[in-house]
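**Student:** Here it is, the structure in full.
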Amino acid sequence: MRKFVYQFDEGRKEMKFLLGGKGANLAEMTRIGLPVPPGFILSTDACKDYNEHHGHLSEDILREVMLHLAHLEEVTGKQFGSAENPLLVSVRSGAPLSMPGMMDTILNLGLNEKSIQGLMHATGDARSSLDSYRRFIQMFGDVVFGIPSYHFEQALTRIKKEAGYQSDTDLQPADLEELISRYLDIFSAEAGRDFPQDPKEQLLLAITAVFDSWMNPRAVIYRRLHDIDASYGTAVNIQAMVFGNTGDTSGTGIAFTRNPSTGEKAVFGEFLLNAQGEDVVAGIRTPVELSQLQKLMPQIFEELIATCALLEEHYLDMQDIEFTIEKERLYILQTRNGKRTTKAAIQVAVDLVHEGKISREEAIMRIAPKELDQLLHPAFHPDALAKSRVLATGLPASPGAATGAIYFDAASAVRAADMGIKVILVRSETSPEDIEGMAKSEAILTARGGMTSHAAVVARGMGKCCIVGCADILIDEQEKVLRTKAGQILHEGDLISLDGGTGQIYEEALPLTEAELSPAFDEWMQWVDESKRLQIRVNADTPADLQMALHFGAEGIGLCRTEHMFFHEDRIPFVRQMIIAENSQDRACALEKLKDMQKEDFCALFRIAAGRPINIRLLDPPLHEFLPKETREIEKLAQASGKTVAEIRRRLSELTETNPMLGHRGCRLAVTFPEIYKMQAEAIMESAMIIHDEGIPVHPEIMIPLVATQAELALIKNEIKATIQQMFDKERLILPFDIGTMIETPRACIVADQIAKDAQFFSFGTNDLTQLTFGFSRDDAGKFLPSYEKLALLPQDPFVSIDQDGVGALVELGTVRGRMTQPNIKIGVCGEHGGDPKSIRFFHKIGLQYVSCSPFRVPIARLAAAQAALLEQHSMETV
Ligand code: PEP
Ligand code: MG
């Protein structure tokens, strides 16, 4: 016969797939002799049986529950529904893997018109007992019958108003009795039945509600996002309540075995005398530090400290422990691995390695790569965040937190920033002209654009907080107003806050906590590097970015976008002159100026890289990003190029493309204007020669973008090679260099065996590859992808995390085919996916040599690469 229900003393911590995480821990604590209030667990098998019986508890389950309930009454000496000595229980869900927010806890189940008398008698406190009852009705109504809490909240507000009270604590027993009667009426009206007075019925209804919650839409989506198998099911924990509100020798609290903010090894926690756990949660009373307990009940304090040490030793991790003291007896209600800041997580992991409790590998696996964002960027103060109001939500393009005054154009942003104002640049979308404004702003917000749009890529490169594609706002750049869909209007200079990690925008300036790196972090990162196989490079276009990335542990540049080197006010005019040139003479003139600028940049990068690999991508400007739109800019360009405004406008209209992202960019530009890449090849090798003369090793990788056929690559490669050969002949010097290509069109992946005949390396441009494989515009995806995610049509934004089945399969195909021609060809990824942990795991698995990402993502990529390697070696559990 199948067994569905387990006594706490029948389980252990390894049984979390049968008993759920919470139940397994309660069982383990019982097994090792800790004072855990007794109880029992309906296993995940019971959940499966419930689902197999189409939402009915089978006779077998019912019989087992009743047997265990009787046993619980026996061991506690209390009875369900008794007016003298009532047994009350808590009912909590418990999935095998943590699923926060899936279902709330129900406390004090068993309360009814009769047992409330018993509770008042036990606690000797009518007020707090009646308060527990009214909260139980609300909680039960909400969790089991889906009655929205506001119905109860309104009744509470009304009764306080009638009595002229300010706070909940002013309510007297008679008021609470009246409130309970109103709550029961609300319950009947909303649930269509009376509040169940029979505690057994309450219990069975609560159990079915927990089982049902396993299939609610929120839980289904959560599981899909976190790759949790839907077949696991949830357990239900039923535990006798103990009462911390039975006078001044009782109380309740939580204890962390180490400080969850800093990781410091010292027990840390809070405690409330004569209270139930709910009082703390409800914020009715403010808890005091644990040290108070030491003064009030020194023996209990000692027992608690010893329990903390024992639990930490047992679980080999920092524990978050809930305890209650009932009449000078300590009870442990829950233990779990404590939530902590990233700083604390690293400190605890490093300390546990030094204490000989866990291995370095375990310490590496314990921190999720994305958590490192918290260390590398400022964040909002959690208390302030909890109280703030969200104005709108967009796509979280670049992490970090920032507050500042809004400005609607780059020039005003720069002016304000120069006056010492903290600025947030708000644009419909950004363009290269905005670069200085972006650099001087604390953060960037755009109404349009996706996760690989100009604003997103550039802000990420700068390590700056950025939210894009915020469909909740409308921006009028002329009038300088921001309107939200909810009707708020903000003007230039108004303060807002942005959280680039969540995409949320707040309507005030929130206080920030600064980013800081500790010695423990450095030590831990060293272990990380020793474990990884993938090389981590950086996408960097400026000396400052490269310097920052090297500080974060980058091993070279995987992508230097040369067109980004012209994102500067004094440089853009020359790029524009080059683009609009109508004959080779005009073009040559603009190119000559650009060459000098490029040489300066390349020399600086080569110097800083000091022999590390540098991959330079030849020009790939999507024309719409570079051409002037505003009259002022058009006039400037006319003046600089000695043409009339009308001539410029005519040329611009000739150059206008219907689909610029599919247009005249990348290597196609070199097919029509070979002199552009010729200039760049000269600039690269002339710089390399200068650096070589300085005694610094240099070995550039020259990369040709957007290739689709071997023939176009061969044509361009041969032209570049001929140019370089001429230089070598002239200077009587030969320097090492490689010529390779980006693989960013689906065709290039399919014919990678042919392309590899003319490439010394491949770098997958997964941004364009995603755009071209899905046919989703990189710039417009923000308009529709959120709906796809909401409807679960896609597990994630494919511009953020590689679509392994489609785009990923093409990357794998390209890799395999490229290696068929050249088994040792160097292969990496330089699209934004190179900084995404899940994608990095995939790139590791298919055997690439490196990933490249923006500077602030380098530590995240290092960790993800190390975890991928460890998972492969030990099939360790993911964090
Ligand atoms: C890519 O397409 O993945 C890439 C890195 O190039 P860009 O984003 O500059 O088009
Ligand atoms: Mg590209």
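The way I read the labels, and the way they are meant: chains A, B, ... in the order of the structure tokens, residue 1 as the first residue of every chain, and ligand 1 as the first ligand shown, with later ones counted on from there.
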Show me which residues line ligand 2, defined as having an atom within 12 Å of a ligand atom where only C-alpha atoms and all ligand atoms count, and present them as a ChimeraX atom specification.

**Tutor:** /A:452-454,457,559-561,563,617-622,661-662,665-667,703-707,741-745,763-772,778,829-832

**Student:** List every residue of stretch 747-780 of chain A that DSSP, applied to the backbone of this structure, assigns to alpha helix (DSSP H), and report them as a PDB file with all heavy atoms, in the first residue's frame.

**Tutor:**
ATOM      1  N   ARG A 747      22.685  31.968 -42.960  1.00  0.00           N
ATOM      2  CA  ARG A 747      23.364  31.300 -44.065  1.00  0.00           C
ATOM      3  C   ARG A 747      24.824  31.006 -43.714  1.00  0.00           C
ATOM      4  O   ARG A 747      25.356  29.949 -44.063  1.00  0.00           O
ATOM      5  CB  ARG A 747      23.291  32.167 -45.329  1.00  0.00           C
ATOM      6  CG  ARG A 747      23.778  31.399 -46.546  1.00  0.00           C
ATOM      7  CD  ARG A 747      23.726  32.212 -47.832  1.00  0.00           C
ATOM      8  NE  ARG A 747      23.896  31.348 -48.984  1.00  0.00           N
ATOM      9  CZ  ARG A 747      25.061  30.859 -49.388  1.00  0.00           C
ATOM     10  NH1 ARG A 747      26.165  31.169 -48.735  1.00  0.00           N
ATOM     11  NH2 ARG A 747      25.131  30.066 -50.433  1.00  0.00           N
ATOM     12  N   ALA A 748      25.461  31.940 -43.037  1.00  0.00           N
ATOM     13  CA  ALA A 748      26.866  31.731 -42.680  1.00  0.00           C
ATOM     14  C   ALA A 748      27.017  30.497 -41.788  1.00  0.00           C
ATOM     15  O   ALA A 748      27.997  29.758 -41.894  1.00  0.00           O
ATOM     16  CB  ALA A 748      27.422  32.972 -41.988  1.00  0.00           C
ATOM     17  N   CYS A 749      26.056  30.261 -40.914  1.00  0.00           N
ATOM     18  CA  CYS A 749      26.118  29.075 -40.050  1.00  0.00           C
ATOM     19  C   CYS A 749      26.014  27.815 -40.903  1.00  0.00           C
ATOM     20  O   CYS A 749      26.735  26.841 -40.692  1.00  0.00           O
ATOM     21  CB  CYS A 749      24.968  29.066 -39.046  1.00  0.00           C
ATOM     22  SG  CYS A 749      25.025  30.427 -37.897  1.00  0.00           S
ATOM     23  N   ILE A 750      25.104  27.870 -41.869  1.00  0.00           N
ATOM     24  CA  ILE A 750      24.847  26.668 -42.673  1.00  0.00           C
ATOM     25  C   ILE A 750      26.039  26.342 -43.578  1.00  0.00           C
ATOM     26  O   ILE A 750      26.378  25.182 -43.773  1.00  0.00           O
ATOM     27  CB  ILE A 750      23.533  26.864 -43.472  1.00  0.00           C
ATOM     28  CG1 ILE A 750      22.358  26.945 -42.489  1.00  0.00           C
ATOM     29  CG2 ILE A 750      23.311  25.723 -44.458  1.00  0.00           C
ATOM     30  CD1 ILE A 750      21.072  27.476 -43.070  1.00  0.00           C
ATOM     31  N   ALA A 752      29.180  27.206 -42.969  1.00  0.00           N
ATOM     32  CA  ALA A 752      30.387  27.538 -42.206  1.00  0.00           C
ATOM     33  C   ALA A 752      31.594  26.731 -42.663  1.00  0.00           C
ATOM     34  O   ALA A 752      32.736  27.191 -42.548  1.00  0.00           O
ATOM     35  CB  ALA A 752      30.133  27.316 -40.716  1.00  0.00           C
ATOM     36  N   ASP A 753      31.367  25.530 -43.218  1.00  0.00           N
ATOM     37  CA  ASP A 753      32.501  24.741 -43.724  1.00  0.00           C
ATOM     38  C   ASP A 753      33.167  25.459 -44.897  1.00  0.00           C
ATOM     39  O   ASP A 753      34.386  25.460 -45.014  1.00  0.00           O
ATOM     40  CB  ASP A 753      32.041  23.331 -44.118  1.00  0.00           C
ATOM     41  CG  ASP A 753      30.826  23.343 -45.031  1.00  0.00           C
ATOM     42  OD1 ASP A 753      30.023  24.293 -44.943  1.00  0.00           O
ATOM     43  OD2 ASP A 753      30.678  22.403 -45.847  1.00  0.00           O
ATOM     44  N   GLN A 754      32.351  26.109 -45.736  1.00  0.00           N
ATOM     45  CA  GLN A 754      32.936  26.859 -46.855  1.00  0.00           C
ATOM     46  C   GLN A 754      33.614  28.125 -46.337  1.00  0.00           C
ATOM     47  O   GLN A 754      34.734  28.459 -46.723  1.00  0.00           O
ATOM     48  CB  GLN A 754      31.849  27.260 -47.857  1.00  0.00           C
ATOM     49  CG  GLN A 754      31.132  26.070 -48.492  1.00  0.00           C
ATOM     50  CD  GLN A 754      29.874  26.517 -49.243  1.00  0.00           C
ATOM     51  OE1 GLN A 754      29.707  27.694 -49.579  1.00  0.00           O
ATOM     52  NE2 GLN A 754      28.976  25.578 -49.491  1.00  0.00           N
ATOM     53  N   ILE A 755      32.935  28.814 -45.429  1.00  0.00           N
ATOM     54  CA  ILE A 755      33.460  30.088 -44.924  1.00  0.00           C
ATOM     55  C   ILE A 755      34.784  29.874 -44.188  1.00  0.00           C
ATOM     56  O   ILE A 755      35.702  30.691 -44.275  1.00  0.00           O
ATOM     57  CB  ILE A 755      32.383  30.781 -44.053  1.00  0.00           C
ATOM     58  CG1 ILE A 755      31.297  31.294 -44.999  1.00  0.00           C
ATOM     59  CG2 ILE A 755      32.966  31.915 -43.225  1.00  0.00           C
ATOM     60  CD1 ILE A 755      30.154  31.996 -44.360  1.00  0.00           C
ATOM     61  N   THR A 766      25.599  36.873 -32.061  1.00  0.00           N
ATOM     62  CA  THR A 766      24.277  36.298 -31.768  1.00  0.00           C
ATOM     63  C   THR A 766      23.168  37.336 -31.713  1.00  0.00           C
ATOM     64  O   THR A 766      21.989  36.969 -31.709  1.00  0.00           O
ATOM     65  CB  THR A 766      24.330  35.498 -30.451  1.00  0.00           C
ATOM     66  OG1 THR A 766      25.016  36.280 -29.479  1.00  0.00           O
ATOM     67  CG2 THR A 766      25.049  34.180 -30.644  1.00  0.00           C
ATOM     68  N   ASN A 767      23.534  38.629 -31.697  1.00  0.00           N
ATOM     69  CA  ASN A 767      22.463  39.647 -31.746  1.00  0.00           C
ATOM     70  C   ASN A 767      21.812  39.627 -33.124  1.00  0.00           C
ATOM     71  O   ASN A 767      20.598  39.478 -33.254  1.00  0.00           O
ATOM     72  CB  ASN A 767      23.026  41.050 -31.509  1.00  0.00           C
ATOM     73  CG  ASN A 767      23.752  41.175 -30.193  1.00  0.00           C
ATOM     74  OD1 ASN A 767      23.465  40.432 -29.270  1.00  0.00           O
ATOM     75  ND2 ASN A 767      24.695  42.103 -30.103  1.00  0.00           N
ATOM     76  N   ASP A 768      22.656  39.776 -34.156  1.00  0.00           N
ATOM     77  CA  ASP A 768      22.095  39.746 -35.508  1.00  0.00           C
ATOM     78  C   ASP A 768      21.574  38.361 -35.845  1.00  0.00           C
ATOM     79  O   ASP A 768      20.559  38.229 -36.520  1.00  0.00           O
ATOM     80  CB  ASP A 768      23.150  40.193 -36.526  1.00  0.00           C
ATOM     81  CG  ASP A 768      23.165  41.713 -36.648  1.00  0.00           C
ATOM     82  OD1 ASP A 768      22.078  42.289 -36.809  1.00  0.00           O
ATOM     83  OD2 ASP A 768      24.244  42.314 -36.552  1.00  0.00           O
ATOM     84  N   LEU A 769      22.267  37.344 -35.340  1.00  0.00           N
ATOM     85  CA  LEU A 769      21.812  35.985 -35.651  1.00  0.00           C
ATOM     86  C   LEU A 769      20.411  35.740 -35.074  1.00  0.00           C
ATOM     87  O   LEU A 769      19.570  35.102 -35.705  1.00  0.00           O
ATOM     88  CB  LEU A 769      22.823  34.960 -35.103  1.00  0.00           C
ATOM     89  CG  LEU A 769      22.634  33.527 -35.604  1.00  0.00           C
ATOM     90  CD1 LEU A 769      22.709  33.443 -37.122  1.00  0.00           C
ATOM     91  CD2 LEU A 769      23.688  32.599 -34.995  1.00  0.00           C
ATOM     92  N   THR A 770      20.142  36.288 -33.898  1.00  0.00           N
ATOM     93  CA  THR A 770      18.803  36.147 -33.306  1.00  0.00           C
ATOM     94  C   THR A 770      17.793  36.949 -34.136  1.00  0.00           C
ATOM     95  O   THR A 770      16.716  36.459 -34.471  1.00  0.00           O
ATOM     96  CB  THR A 770      18.810  36.635 -31.837  1.00  0.00           C
ATOM     97  OG1 THR A 770      19.754  35.846 -31.114  1.00  0.00           O
ATOM     98  CG2 THR A 770      17.446  36.510 -31.196  1.00  0.00           C
ATOM     99  N   GLN A 771      18.186  38.176 -34.480  1.00  0.00           N
ATOM    100  CA  GLN A 771      17.306  39.026 -35.280  1.00  0.00           C
ATOM    101  C   GLN A 771      16.945  38.340 -36.594  1.00  0.00           C
ATOM    102  O   GLN A 771      15.786  38.303 -37.000  1.00  0.00           O
ATOM    103  CB  GLN A 771      18.038  40.341 -35.560  1.00  0.00           C
ATOM    104  CG  GLN A 771      17.378  41.236 -36.587  1.00  0.00           C
ATOM    105  CD  GLN A 771      17.982  42.629 -36.618  1.00  0.00           C
ATOM    106  OE1 GLN A 771      17.414  43.564 -36.076  1.00  0.00           O
ATOM    107  NE2 GLN A 771      19.131  42.764 -37.232  1.00  0.00           N
ATOM    108  N   LEU A 772      17.955  37.768 -37.237  1.00  0.00           N
ATOM    109  CA  LEU A 772      17.725  37.211 -38.572  1.00  0.00           C
ATOM    110  C   LEU A 772      17.086  35.825 -38.519  1.00  0.00           C
ATOM    111  O   LEU A 772      16.407  35.430 -39.455  1.00  0.00           O
ATOM    112  CB  LEU A 772      19.060  37.159 -39.330  1.00  0.00           C
ATOM    113  CG  LEU A 772      19.678  38.538 -39.602  1.00  0.00           C
ATOM    114  CD1 LEU A 772      21.080  38.403 -40.147  1.00  0.00           C
ATOM    115  CD2 LEU A 772      18.818  39.334 -40.573  1.00  0.00           C
ATOM    116  N   THR A 773      17.307  35.098 -37.443  1.00  0.00           N
ATOM    117  CA  THR A 773      16.716  33.757 -37.353  1.00  0.00           C
ATOM    118  C   THR A 773      15.233  33.845 -37.020  1.00  0.00           C
ATOM    119  O   THR A 773      14.403  33.176 -37.618  1.00  0.00           O
ATOM    120  CB  THR A 773      17.467  32.919 -36.290  1.00  0.00           C
ATOM    121  OG1 THR A 773      18.844  32.894 -36.636  1.00  0.00           O
ATOM    122  CG2 THR A 773      16.942  31.500 -36.227  1.00  0.00           C
ATOM    123  N   PHE A 774      14.907  34.712 -36.049  1.00  0.00           N
ATOM    124  CA  PHE A 774      13.492  34.889 -35.706  1.00  0.00           C
ATOM    125  C   PHE A 774      12.780  35.816 -36.694  1.00  0.00           C
ATOM    126  O   PHE A 774      11.570  35.776 -36.808  1.00  0.00           O
ATOM    127  CB  PHE A 774      13.359  35.522 -34.310  1.00  0.00           C
ATOM    128  CG  PHE A 774      13.395  34.543 -33.172  1.00  0.00           C
ATOM    129  CD1 PHE A 774      14.577  34.281 -32.507  1.00  0.00           C
ATOM    130  CD2 PHE A 774      12.242  33.893 -32.758  1.00  0.00           C
ATOM    131  CE1 PHE A 774      14.615  33.395 -31.439  1.00  0.00           C
ATOM    132  CE2 PHE A 774      12.268  33.002 -31.694  1.00  0.00           C
ATOM    133  CZ  PHE A 774      13.462  32.752 -31.036  1.00  0.00           C
TER     134      PHE A 774
END

**Student:** Can you pull out every residue within 9 Å of stretch 598-609 of chain A, counting only C-alpha atoms, but drop anything in the same chain fewer than 2 positions away, and send it as a PyMOL selection string?

**Tutor:** chain A and resi 541-543+546-547+550+555-557+562+565-566+593-596+611-614+680+682-688+690-691+696-700

**Student:** Tell me which of A:Gly695, A:Gly253, A:Gly450, A:Gly487 sits closest to ligand 1, counting only C-alpha atoms and all ligand atoms.

**Tutor:**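 Distance minimum relative to ligand 1 lands on A:Gly450.
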
**Student:** Quick one: everything within 8 Å of A:Gln239, counting only C-alpha atoms, minus sequence neighbours fewer than 5 positions away in the same chain. Send it as a PyMOL selection string.

**Tutor:** chain A and resi 37-40+89-91

**Student:** Compile the contact shell of stretch 414-419 of chain A as JSON, numbers by chain: residues with an atom at most 10 Å away, counting only C-alpha atoms, same-chain residues fewer than 5 positions apart removed.

**Tutor:** {"A": [405, 406, 407, 409, 424, 425, 434, 436, 437, 438, 439, 440, 441, 442, 493]}

**Student:** So which bits of stretch 290-329 of chain A end up strand (DSSP E) when you DSSP the backbone, as a list in words?

**Tutor:**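 Result set for stretch 290-329 of chain A (strand (DSSP E)): Gln319, Asp320, Ile321, Glu322, Phe323, Thr324, Ile325, Glu326 and Arg329 of chain A.
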
**Student:** So that I can see what lies close to stretch 54-62 of chain A, please list as a ChimeraX atom specification the residues with an atom at most 8 Å from it, counting only C-alpha atoms and leaving out residues fewer than 4 positions away in the same chain.

**Tutor:** /A:4-5,46,49-50,66,208,212

**Student:** Set the distance at 10 Å and use only C-alpha atoms: which residues neighbour A:Lys845 once local chain neighbours fewer than 2 positions away are removed? I'd like the list as an MDAnalysis selection string.

**Tutor:** chainID A and resid 812 839:843 847:848 868:869 872

**Student:** Work out how far apart atom CA of A:Arg218 and atom CA of A:Pro795 are and give it in Å to one decimal.

**Tutor:**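 These two atoms are separated by 14.1 Å.
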
**Student:** From the options A:Lys22, A:Gly500, A:Lys532, A:Leu111, which residue's atoms come nearest to A:Gln849, counting only C-alpha atoms?

**Tutor:**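 Among A:Lys22, A:Gly500, A:Lys532, A:Leu111, it is A:Lys532 that comes nearest to A:Gln849.
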
**Student:** Please indicate the distance in Å from atom CA of A:Leu311 to atom CA of A:Tyr232, rounded to one decimal place.

**Tutor:**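 If I compute the distance from atom CA of A:Leu311 to atom CA of A:Tyr232, I get 26.8 Å.
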
**Student:** Rounded to one decimal in Å, what is the spacing between atom 9 (O, counted along the ligand's line) of ligand 1 and atom CA of A:Pro378?

**Tutor:**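 Result for atom 9 (O, counted along the ligand's line) of ligand 1 versus atom CA of A:Pro378: 27.4 Å, one decimal.
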
**Student:** I'd like to know which of A:His833, A:Lys78, A:Lys339, A:His491 is closest to ligand 1, using only C-alpha atoms and all ligand atoms.

**Tutor:**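 Distance minimum relative to ligand 1 lands on A:His833.
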